[in-house]
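Since the structure comes first, as structure tokens, the remarks are kept for the end.
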Amino acid sequence: MDERLRVLICGTGSAAHVLGGVISARGDTDVRVMSLNVVRANEWAGIADSTPLTVSRRDDVQFESSTLTITSDPETAARDCDIVIVSVPAFLHLQYLTVLAPYLTDGCVIVGLPGQNGFEFDVRRALGERFDSTIVINFESLPWICRTDEFGRSARILGSKARLVGAMHGDVSRARVADPVGVLQDLLGDTPRLLITGHPLGITLRSPNAYSHPPIMFGRWKDWNGGAVEEPPLFYQGVDEETAQLLEEISDEVVTTSRSIMRDHPGIDLTQVIPMYEWDIGCYGADIADKTNLMTALRTNSGYAGMTHPMIRRDSGDYVPDFTHRFLSEDVPFGLVVIRGIAELAGVPTPQMDRVLCWSQHAMGREYLVGKELRGRDVSFTRAPQRYGYTIDDILVG
């Protein structure tokens, strides 16, 4: 009988490449990669038949995949799986989880890496009554800053987080693998150090992309008049004092939301929700040259070096901002809107968050916030608790 650990990775992006290469390199794990994009799945499968996937790190450590099974068929992907790692954009989570659900075995460990805000809401929607028969772990972000160099063939880890915080739902004693967190740590390696703590809502509120990417976009483009620029401006390294102050104020609103919920619901642990500056230092401390404040931390993080705003190059050779990029298209409806919805349920005012959200929805041509309430026509396409009709009690005890 084959006792090998069976791991499914959902996606074909940079994270899926690194996960596939690092985990498969062990040689003792059955690693499958699923994409619902049949063309991409077939392309990678063809490459994998003859060429191993290599993953390199800045310290010259290199991983080379063993056997990888690449498929677009949910049944083949999910059969007898112990761990499912979901590493596709958040707007695809429900689609992937729904097609996999009929083939997932009770006790399967479903991991959002990252799950983004409200990941467990989509798992619950897809699995229905079987939600409590699974183990759900949601992590705050990816373990690394990474990129694909050549599709199906090579990827690179540009920086690793020192630690990665997550939260877990479910009865671990019913899991298909003993000590799911320990197994995940073994699969990823020594770093980042995985920390599972508190209620899953804490990860939804802690998620940094949701309240860093849209505000940085806002800070750079809020007064944009439609003119082009000669070069794409730097993203993190271009953060100025005004934008850094805005980031800190939004971070304060998120922390206040968590503390308000804990005050009203004794016994619920959301202490993993911390100020953005503390998060940045905790994850990237070794990569940050100047730790004076949030602005200097963002501007001197070597892992962020050279990253630019998402731009569209015009035929004339100059650039205009790309407001369809995931920094808005994903991090607003599956990030900022979710946090704003929780704050609304908790009765916490969020004036700075609202500034960014109002600008973002205008830039995207969407409607989420109307006045002081999340009741716009596009809320149904988000993961805000208002979409599901959830109350705070539903989220905390569900």
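Going by the structure tokens order, chains are called A, B, ..., each with residues numbered from 1, while ligands are numbered from 1 in the order shown.
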Determine which residues of segment 233-386 of chain A DSSP labels as alpha helix (DSSP H) from the backbone of this structure, then write them out as a VMD selection string. chain A and resid 241 to 264 276 to 284 294 to 299 326 to 329 337 to 346 351 to 364 385 to 386
Quick one: DSSP strand (DSSP E or B) residues in segment 106-186 of chain A, as a VMD selection string? chain A and resid 109 to 112 135 to 139 144 to 150 154 to 160 163 to 169
Counting only C-alpha atoms, what is within 12 Å of Leu53 of chain A, bar same-chain residues fewer than 4 positions away, as an mmCIF file with all heavy atoms, in the first residue's frame?
```cif
data_model
loop_
_atom_site.group_PDB
_atom_site.id
_atom_site.type_symbol
_atom_site.label_atom_id
_atom_site.label_comp_id
_atom_site.auth_asym_id
_atom_site.auth_seq_id
_atom_site.Cartn_x
_atom_site.Cartn_y
_atom_site.Cartn_z
ATOM 1 N N ALA A 16 2.525 28.516 -7.412
ATOM 2 C CA ALA A 16 2.348 27.101 -7.734
ATOM 3 C C ALA A 16 3.652 26.502 -8.263
ATOM 4 O O ALA A 16 3.986 25.345 -7.947
ATOM 5 C CB ALA A 16 1.231 26.931 -8.754
ATOM 6 N N HIS A 17 4.386 27.259 -9.057
ATOM 7 C CA HIS A 17 5.675 26.774 -9.550
ATOM 8 C C HIS A 17 6.631 26.502 -8.392
ATOM 9 O O HIS A 17 7.263 25.433 -8.327
ATOM 10 C CB HIS A 17 6.299 27.802 -10.503
ATOM 11 C CG HIS A 17 5.839 27.695 -11.913
ATOM 12 N ND1 HIS A 17 4.579 28.058 -12.316
ATOM 13 C CD2 HIS A 17 6.480 27.259 -13.039
ATOM 14 C CE1 HIS A 17 4.457 27.862 -13.617
ATOM 15 N NE2 HIS A 17 5.592 27.371 -14.081
ATOM 16 N N VAL A 18 6.750 27.452 -7.472
ATOM 17 C CA VAL A 18 7.681 27.272 -6.359
ATOM 18 C C VAL A 18 7.220 26.135 -5.460
ATOM 19 O O VAL A 18 8.023 25.279 -5.061
ATOM 20 C CB VAL A 18 7.825 28.578 -5.565
ATOM 21 C CG1 VAL A 18 8.647 28.344 -4.300
ATOM 22 C CG2 VAL A 18 8.486 29.654 -6.425
ATOM 23 N N LEU A 19 5.937 26.095 -5.142
ATOM 24 C CA LEU A 19 5.420 25.006 -4.312
ATOM 25 C C LEU A 19 5.663 23.653 -4.978
ATOM 26 O O LEU A 19 6.106 22.694 -4.334
ATOM 27 C CB LEU A 19 3.928 25.201 -4.065
ATOM 28 C CG LEU A 19 3.541 26.297 -3.072
ATOM 29 C CD1 LEU A 19 2.058 26.650 -3.221
ATOM 30 C CD2 LEU A 19 3.842 25.860 -1.647
ATOM 31 N N GLY A 20 5.363 23.564 -6.272
ATOM 32 C CA GLY A 20 5.556 22.305 -6.986
ATOM 33 C C GLY A 20 7.000 21.863 -6.982
ATOM 34 O O GLY A 20 7.304 20.681 -6.754
ATOM 35 N N GLY A 21 7.907 22.807 -7.220
ATOM 36 C CA GLY A 21 9.321 22.458 -7.256
ATOM 37 C C GLY A 21 9.869 22.085 -5.897
ATOM 38 O O GLY A 21 10.567 21.071 -5.747
ATOM 39 N N VAL A 22 9.548 22.887 -4.879
ATOM 40 C CA VAL A 22 10.099 22.653 -3.535
ATOM 41 C C VAL A 22 9.561 21.359 -2.934
ATOM 42 O O VAL A 22 10.317 20.550 -2.381
ATOM 43 C CB VAL A 22 9.782 23.851 -2.619
ATOM 44 C CG1 VAL A 22 10.108 23.528 -1.164
ATOM 45 C CG2 VAL A 22 10.549 25.087 -3.069
ATOM 46 N N ILE A 23 8.244 21.151 -3.020
ATOM 47 C CA ILE A 23 7.653 19.961 -2.391
ATOM 48 C C ILE A 23 8.011 18.700 -3.162
ATOM 49 O O ILE A 23 8.361 17.665 -2.581
ATOM 50 C CB ILE A 23 6.125 20.117 -2.280
ATOM 51 C CG1 ILE A 23 5.784 21.297 -1.368
ATOM 52 C CG2 ILE A 23 5.494 18.832 -1.747
ATOM 53 C CD1 ILE A 23 4.304 21.602 -1.275
ATOM 54 N N SER A 24 7.976 18.773 -4.495
ATOM 55 C CA SER A 24 8.281 17.594 -5.300
ATOM 56 C C SER A 24 9.747 17.182 -5.170
ATOM 57 O O SER A 24 10.073 15.988 -5.299
ATOM 58 C CB SER A 24 7.940 17.866 -6.767
ATOM 59 O OG SER A 24 8.310 16.794 -7.581
ATOM 60 N N ALA A 25 10.622 18.148 -4.915
ATOM 61 C CA ALA A 25 12.053 17.832 -4.807
ATOM 62 C C ALA A 25 12.348 16.847 -3.681
ATOM 63 O O ALA A 25 13.382 16.178 -3.687
ATOM 64 C CB ALA A 25 12.854 19.119 -4.598
ATOM 65 N N TRP A 44 1.897 22.642 -19.460
ATOM 66 C CA TRP A 44 2.821 22.282 -18.378
ATOM 67 C C TRP A 44 3.023 20.771 -18.328
ATOM 68 O O TRP A 44 4.142 20.285 -18.121
ATOM 69 C CB TRP A 44 2.301 22.811 -17.052
ATOM 70 C CG TRP A 44 3.325 22.775 -15.947
ATOM 71 C CD1 TRP A 44 4.545 22.152 -15.948
ATOM 72 C CD2 TRP A 44 3.212 23.404 -14.664
ATOM 73 N NE1 TRP A 44 5.190 22.345 -14.752
ATOM 74 C CE2 TRP A 44 4.407 23.106 -13.950
ATOM 75 C CE3 TRP A 44 2.224 24.169 -14.049
ATOM 76 C CZ2 TRP A 44 4.616 23.560 -12.644
ATOM 77 C CZ3 TRP A 44 2.446 24.618 -12.755
ATOM 78 C CH2 TRP A 44 3.628 24.319 -12.061
ATOM 79 N N ALA A 45 1.958 20.012 -18.539
ATOM 80 C CA ALA A 45 2.084 18.549 -18.528
ATOM 81 C C ALA A 45 3.074 18.084 -19.591
ATOM 82 O O ALA A 45 3.890 17.183 -19.347
ATOM 83 C CB ALA A 45 0.721 17.899 -18.732
ATOM 84 N N ILE A 47 5.588 19.751 -20.813
ATOM 85 C CA ILE A 47 6.939 20.115 -20.372
ATOM 86 C C ILE A 47 7.424 19.158 -19.285
ATOM 87 O O ILE A 47 8.569 18.688 -19.302
ATOM 88 C CB ILE A 47 6.957 21.567 -19.862
ATOM 89 C CG1 ILE A 47 6.656 22.541 -20.993
ATOM 90 C CG2 ILE A 47 8.301 21.897 -19.207
ATOM 91 C CD1 ILE A 47 6.393 23.965 -20.546
ATOM 92 N N ALA A 48 6.525 18.866 -18.318
ATOM 93 C CA ALA A 48 6.905 18.023 -17.176
ATOM 94 C C ALA A 48 7.285 16.610 -17.601
ATOM 95 O O ALA A 48 8.033 15.926 -16.883
ATOM 96 C CB ALA A 48 5.760 17.972 -16.164
ATOM 97 N N ASP A 49 6.780 16.160 -18.724
ATOM 98 C CA ASP A 49 7.106 14.807 -19.204
ATOM 99 C C ASP A 49 8.591 14.645 -19.499
ATOM 100 O O ASP A 49 9.133 13.535 -19.428
ATOM 101 C CB ASP A 49 6.296 14.482 -20.466
ATOM 102 C CG ASP A 49 4.847 14.150 -20.158
ATOM 103 O OD1 ASP A 49 4.553 13.856 -18.987
ATOM 104 O OD2 ASP A 49 4.013 14.202 -21.093
ATOM 105 N N GLN A 62 19.180 25.309 -4.775
ATOM 106 C CA GLN A 62 18.295 25.019 -5.899
ATOM 107 C C GLN A 62 17.530 23.729 -5.643
ATOM 108 O O GLN A 62 18.079 22.756 -5.115
ATOM 109 C CB GLN A 62 19.096 24.902 -7.195
ATOM 110 C CG GLN A 62 18.217 24.868 -8.443
ATOM 111 C CD GLN A 62 19.045 24.972 -9.711
ATOM 112 O OE1 GLN A 62 19.715 24.021 -10.093
ATOM 113 N NE2 GLN A 62 18.991 26.126 -10.358
ATOM 114 N N PHE A 63 16.250 23.738 -6.002
ATOM 115 C CA PHE A 63 15.403 22.563 -5.905
ATOM 116 C C PHE A 63 15.089 22.082 -7.313
ATOM 117 O O PHE A 63 14.879 22.889 -8.218
ATOM 118 C CB PHE A 63 14.091 22.892 -5.186
ATOM 119 C CG PHE A 63 14.266 23.491 -3.818
ATOM 120 C CD1 PHE A 63 14.386 24.863 -3.660
ATOM 121 C CD2 PHE A 63 14.300 22.680 -2.690
ATOM 122 C CE1 PHE A 63 14.534 25.426 -2.403
ATOM 123 C CE2 PHE A 63 14.449 23.234 -1.429
ATOM 124 C CZ PHE A 63 14.570 24.610 -1.286
ATOM 125 N N GLU A 64 15.029 20.764 -7.473
ATOM 126 C CA GLU A 64 14.646 20.200 -8.765
ATOM 127 C C GLU A 64 13.537 19.192 -8.524
ATOM 128 O O GLU A 64 13.667 18.290 -7.703
ATOM 129 C CB GLU A 64 15.836 19.537 -9.439
ATOM 130 C CG GLU A 64 15.515 19.036 -10.841
ATOM 131 C CD GLU A 64 16.748 18.552 -11.580
ATOM 132 O OE1 GLU A 64 17.536 19.404 -12.030
ATOM 133 O OE2 GLU A 64 16.929 17.317 -11.665
ATOM 134 N N SER A 65 12.445 19.360 -9.240
ATOM 135 C CA SER A 65 11.272 18.532 -9.007
ATOM 136 C C SER A 65 11.535 17.074 -9.341
ATOM 137 O O SER A 65 12.331 16.758 -10.227
ATOM 138 C CB SER A 65 10.090 19.045 -9.836
ATOM 139 O OG SER A 65 10.320 18.836 -11.222
ATOM 140 N N SER A 66 10.846 16.242 -8.605
ATOM 141 C CA SER A 66 10.755 14.841 -8.964
ATOM 142 C C SER A 66 9.525 14.727 -9.866
ATOM 143 O O SER A 66 9.246 15.628 -10.630
ATOM 144 C CB SER A 66 10.637 13.984 -7.708
ATOM 145 O OG SER A 66 10.582 12.619 -8.029
ATOM 146 N N THR A 67 8.743 13.702 -9.740
ATOM 147 C CA THR A 67 7.572 13.541 -10.598
ATOM 148 C C THR A 67 6.471 14.518 -10.204
ATOM 149 O O THR A 67 6.101 14.625 -9.033
ATOM 150 C CB THR A 67 7.032 12.107 -10.493
ATOM 151 O OG1 THR A 67 8.078 11.207 -10.843
ATOM 152 C CG2 THR A 67 5.861 11.918 -11.432
ATOM 153 N N LEU A 68 5.958 15.240 -11.192
ATOM 154 C CA LEU A 68 4.820 16.130 -11.009
ATOM 155 C C LEU A 68 3.687 15.666 -11.920
ATOM 156 O O LEU A 68 3.898 15.428 -13.109
ATOM 157 C CB LEU A 68 5.186 17.577 -11.386
ATOM 158 C CG LEU A 68 5.891 18.452 -10.357
ATOM 159 C CD1 LEU A 68 6.267 19.789 -11.003
ATOM 160 C CD2 LEU A 68 5.009 18.696 -9.152
ATOM 161 N N THR A 69 2.494 15.529 -11.360
ATOM 162 C CA THR A 69 1.315 15.214 -12.164
ATOM 163 C C THR A 69 0.554 16.509 -12.418
ATOM 164 O O THR A 69 0.093 17.149 -11.478
ATOM 165 C CB THR A 69 0.398 14.213 -11.438
ATOM 166 O OG1 THR A 69 1.114 13.005 -11.196
ATOM 167 C CG2 THR A 69 -0.844 13.914 -12.271
ATOM 168 N N THR A 148 8.040 33.408 -11.726
ATOM 169 C CA THR A 148 8.308 32.358 -12.711
ATOM 170 C C THR A 148 9.274 32.910 -13.744
ATOM 171 O O THR A 148 9.016 33.954 -14.349
ATOM 172 C CB THR A 148 7.012 31.923 -13.412
ATOM 173 O OG1 THR A 148 6.072 31.474 -12.440
ATOM 174 C CG2 THR A 148 7.280 30.814 -14.413
ATOM 175 N N ASP A 149 10.372 32.228 -13.949
ATOM 176 C CA ASP A 149 11.314 32.642 -14.989
ATOM 177 C C ASP A 149 10.912 32.084 -16.347
ATOM 178 O O ASP A 149 10.912 32.798 -17.350
ATOM 179 C CB ASP A 149 12.732 32.186 -14.637
ATOM 180 C CG ASP A 149 13.345 33.011 -13.516
ATOM 181 O OD1 ASP A 149 12.930 34.181 -13.352
ATOM 182 O OD2 ASP A 149 14.221 32.498 -12.802
ATOM 183 N N GLU A 150 10.573 30.792 -16.384
ATOM 184 C CA GLU A 150 10.151 30.146 -17.630
ATOM 185 C C GLU A 150 9.045 29.156 -17.287
ATOM 186 O O GLU A 150 9.263 28.237 -16.492
ATOM 187 C CB GLU A 150 11.333 29.432 -18.290
ATOM 188 C CG GLU A 150 11.026 28.931 -19.691
ATOM 189 C CD GLU A 150 12.251 28.358 -20.394
ATOM 190 O OE1 GLU A 150 13.333 28.308 -19.767
ATOM 191 O OE2 GLU A 150 12.116 27.943 -21.555
ATOM 192 N N PHE A 151 7.884 29.353 -17.859
ATOM 193 C CA PHE A 151 6.706 28.559 -17.500
ATOM 194 C C PHE A 151 6.997 27.069 -17.558
ATOM 195 O O PHE A 151 7.500 26.539 -18.552
ATOM 196 C CB PHE A 151 5.546 28.886 -18.440
ATOM 197 C CG PHE A 151 4.288 28.125 -18.131
ATOM 198 C CD1 PHE A 151 3.463 28.520 -17.088
ATOM 199 C CD2 PHE A 151 3.937 26.994 -18.856
ATOM 200 C CE1 PHE A 151 2.310 27.823 -16.786
ATOM 201 C CE2 PHE A 151 2.785 26.289 -18.564
ATOM 202 C CZ PHE A 151 1.972 26.706 -17.521
ATOM 203 N N GLY A 152 6.677 26.371 -16.445
ATOM 204 C CA GLY A 152 6.826 24.932 -16.367
ATOM 205 C C GLY A 152 8.252 24.450 -16.188
ATOM 206 O O GLY A 152 8.476 23.262 -15.940
ATOM 207 N N ARG A 153 9.223 25.372 -16.294
ATOM 208 C CA ARG A 153 10.622 24.956 -16.261
ATOM 209 C C ARG A 153 11.418 25.538 -15.093
ATOM 210 O O ARG A 153 12.219 24.827 -14.487
ATOM 211 C CB ARG A 153 11.318 25.326 -17.577
ATOM 212 C CG ARG A 153 10.819 24.531 -18.773
ATOM 213 C CD ARG A 153 11.569 24.935 -20.040
ATOM 214 N NE ARG A 153 11.281 24.035 -21.146
ATOM 215 C CZ ARG A 153 10.228 24.140 -21.959
ATOM 216 N NH1 ARG A 153 9.360 25.147 -21.756
ATOM 217 N NH2 ARG A 153 10.030 23.280 -22.926
ATOM 218 N N SER A 154 11.203 26.814 -14.773
ATOM 219 C CA SER A 154 12.036 27.402 -13.734
ATOM 220 C C SER A 154 11.321 28.557 -13.039
ATOM 221 O O SER A 154 10.536 29.281 -13.652
ATOM 222 C CB SER A 154 13.371 27.904 -14.316
ATOM 223 O OG SER A 154 13.140 28.904 -15.298
ATOM 224 N N ALA A 155 11.612 28.691 -11.757
ATOM 225 C CA ALA A 155 11.064 29.778 -10.941
ATOM 226 C C ALA A 155 12.131 30.196 -9.942
ATOM 227 O O ALA A 155 13.129 29.497 -9.724
ATOM 228 C CB ALA A 155 9.794 29.329 -10.220
ATOM 229 N N ARG A 156 11.903 31.350 -9.330
ATOM 230 C CA ARG A 156 12.915 31.905 -8.438
ATOM 231 C C ARG A 156 12.265 32.470 -7.182
ATOM 232 O O ARG A 156 11.232 33.128 -7.240
ATOM 233 C CB ARG A 156 13.678 33.018 -9.155
ATOM 234 C CG ARG A 156 14.869 33.571 -8.412
ATOM 235 C CD ARG A 156 15.582 34.609 -9.232
ATOM 236 N NE ARG A 156 15.908 34.097 -10.557
ATOM 237 C CZ ARG A 156 16.486 34.842 -11.504
ATOM 238 N NH1 ARG A 156 16.768 36.109 -11.259
ATOM 239 N NH2 ARG A 156 16.774 34.304 -12.674
#
```
Residues within 9 Å of Pro208 of chain A, only C-alpha atoms, excluding chain neighbours under 5 positions, as a list in words: Glu140, Ser141, His213, Ser251, Met276, Trp279, Asp280 and Gly335 of chain A
Shell around segment 287-294 of chain A at 10 Å using only C-alpha atoms, local window under 6 positions removed, as a PDB file with N, CA and C atoms, in the first residue's frame:
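Wrote selection22.pdb, looks like this:
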```pdb
ATOM      1  N   GLY A 159      12.834  36.370  -2.078  1.00  0.00           N
ATOM      2  CA  GLY A 159      12.927  36.666  -0.654  1.00  0.00           C
ATOM      3  C   GLY A 159      11.982  35.772   0.116  1.00  0.00           C
ATOM      4  N   SER A 160      12.385  35.365   1.304  1.00  0.00           N
ATOM      5  CA  SER A 160      11.549  34.508   2.142  1.00  0.00           C
ATOM      6  C   SER A 160      11.155  35.251   3.407  1.00  0.00           C
ATOM      7  N   LYS A 161       9.917  35.084   3.841  1.00  0.00           N
ATOM      8  CA  LYS A 161       9.486  35.672   5.100  1.00  0.00           C
ATOM      9  C   LYS A 161      10.091  34.871   6.252  1.00  0.00           C
ATOM     10  N   ALA A 162      10.361  35.572   7.335  1.00  0.00           N
ATOM     11  CA  ALA A 162      10.903  34.890   8.512  1.00  0.00           C
ATOM     12  C   ALA A 162       9.835  34.041   9.175  1.00  0.00           C
ATOM     13  N   VAL A 239       6.893  54.956  -1.934  1.00  0.00           N
ATOM     14  CA  VAL A 239       5.937  55.404  -0.913  1.00  0.00           C
ATOM     15  C   VAL A 239       6.460  56.679  -0.244  1.00  0.00           C
ATOM     16  N   GLU A 241       5.731  60.170   2.504  1.00  0.00           N
ATOM     17  CA  GLU A 241       5.285  60.320   3.892  1.00  0.00           C
ATOM     18  C   GLU A 241       3.768  60.325   4.006  1.00  0.00           C
ATOM     19  N   ALA A 244       2.499  56.773   3.561  1.00  0.00           N
ATOM     20  CA  ALA A 244       2.864  55.972   4.738  1.00  0.00           C
ATOM     21  C   ALA A 244       1.951  56.307   5.913  1.00  0.00           C
ATOM     22  N   GLN A 245       1.621  57.581   6.079  1.00  0.00           N
ATOM     23  CA  GLN A 245       0.709  57.974   7.140  1.00  0.00           C
ATOM     24  C   GLN A 245      -0.673  57.369   6.931  1.00  0.00           C
ATOM     25  N   LEU A 247      -1.341  54.594   5.320  1.00  0.00           N
ATOM     26  CA  LEU A 247      -1.224  53.163   5.615  1.00  0.00           C
ATOM     27  C   LEU A 247      -1.304  52.907   7.116  1.00  0.00           C
ATOM     28  N   GLU A 248      -0.641  53.731   7.898  1.00  0.00           N
ATOM     29  CA  GLU A 248      -0.673  53.560   9.346  1.00  0.00           C
ATOM     30  C   GLU A 248      -2.075  53.804   9.902  1.00  0.00           C
ATOM     31  N   PRO A 275      -0.272  46.078  14.093  1.00  0.00           N
ATOM     32  CA  PRO A 275      -0.010  47.190  13.175  1.00  0.00           C
ATOM     33  C   PRO A 275       0.868  46.769  12.000  1.00  0.00           C
ATOM     34  N   MET A 276       0.670  47.433  10.875  1.00  0.00           N
ATOM     35  CA  MET A 276       1.376  47.071   9.649  1.00  0.00           C
ATOM     36  C   MET A 276       2.897  47.135   9.821  1.00  0.00           C
ATOM     37  N   TYR A 277       3.390  48.127  10.532  1.00  0.00           N
ATOM     38  CA  TYR A 277       4.837  48.248  10.728  1.00  0.00           C
ATOM     39  C   TYR A 277       5.378  47.010  11.447  1.00  0.00           C
ATOM     40  N   GLU A 278       4.693  46.566  12.493  1.00  0.00           N
ATOM     41  CA  GLU A 278       5.138  45.378  13.223  1.00  0.00           C
ATOM     42  C   GLU A 278       5.122  44.149  12.310  1.00  0.00           C
ATOM     43  N   ASP A 280       5.519  44.099   9.036  1.00  0.00           N
ATOM     44  CA  ASP A 280       6.603  44.200   8.059  1.00  0.00           C
ATOM     45  C   ASP A 280       7.943  43.823   8.688  1.00  0.00           C
ATOM     46  N   ILE A 281       8.188  44.323   9.892  1.00  0.00           N
ATOM     47  CA  ILE A 281       9.450  44.006  10.563  1.00  0.00           C
ATOM     48  C   ILE A 281       9.501  42.525  10.920  1.00  0.00           C
ATOM     49  N   THR A 300      13.176  50.430   1.981  1.00  0.00           N
ATOM     50  CA  THR A 300      14.510  49.806   2.039  1.00  0.00           C
ATOM     51  C   THR A 300      14.444  48.290   2.184  1.00  0.00           C
ATOM     52  N   ASN A 301      13.309  47.695   1.880  1.00  0.00           N
ATOM     53  CA  ASN A 301      13.176  46.231   1.903  1.00  0.00           C
ATOM     54  C   ASN A 301      13.757  45.689   0.595  1.00  0.00           C
ATOM     55  N   SER A 302      14.834  44.936   0.695  1.00  0.00           N
ATOM     56  CA  SER A 302      15.513  44.450  -0.515  1.00  0.00           C
ATOM     57  C   SER A 302      14.627  43.530  -1.338  1.00  0.00           C
ATOM     58  N   GLY A 303      13.671  42.855  -0.665  1.00  0.00           N
ATOM     59  CA  GLY A 303      12.761  41.987  -1.405  1.00  0.00           C
ATOM     60  C   GLY A 303      11.817  42.759  -2.308  1.00  0.00           C
ATOM     61  N   TYR A 304      11.615  44.049  -1.998  1.00  0.00           N
ATOM     62  CA  TYR A 304      10.729  44.890  -2.800  1.00  0.00           C
ATOM     63  C   TYR A 304      11.483  45.692  -3.858  1.00  0.00           C
TER      64      TYR A 304
END
```
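By chain and then residue number, the residues within 12 Å of Gln352 of chain A are Tyr211, Pro214, Pro215, Phe218, Gly219, Thr243, Gln245, Leu246, Leu247, Glu248, Glu249, Ile250, Ser251, Asp252, Glu253, Val254, Leu336, Arg340, Cys358 and Trp359 of chain A, counting only C-alpha atoms and disregarding those fewer than 6 positions away in sequence.
Using only C-alpha atoms, the shortest contact distance between Asp106 of chain A and any of A:Ile85, A:Ala78, A:Leu188, A:Leu374 is found at A:Ala78.
The closest residue to Arg176 of chain A, picked from A:Arg6, A:Arg220, A:Arg259, A:Arg40 and counting only C-alpha atoms, is A:Arg6.
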Let me make sure I understand: among A:Pro180, A:Gly376, A:Gly227, A:Gly285, which one has the smallest atom-to-atom distance to Val84 of chain A if we use only C-alpha atoms? A:Pro180
Might you pull out every residue within 9 Å of Phe91 of chain A, with only C-alpha atoms counted and same-chain residues fewer than 5 positions away left off, and present them as an MDAnalysis selection string? chainID A and resid 330 333:334 381:383
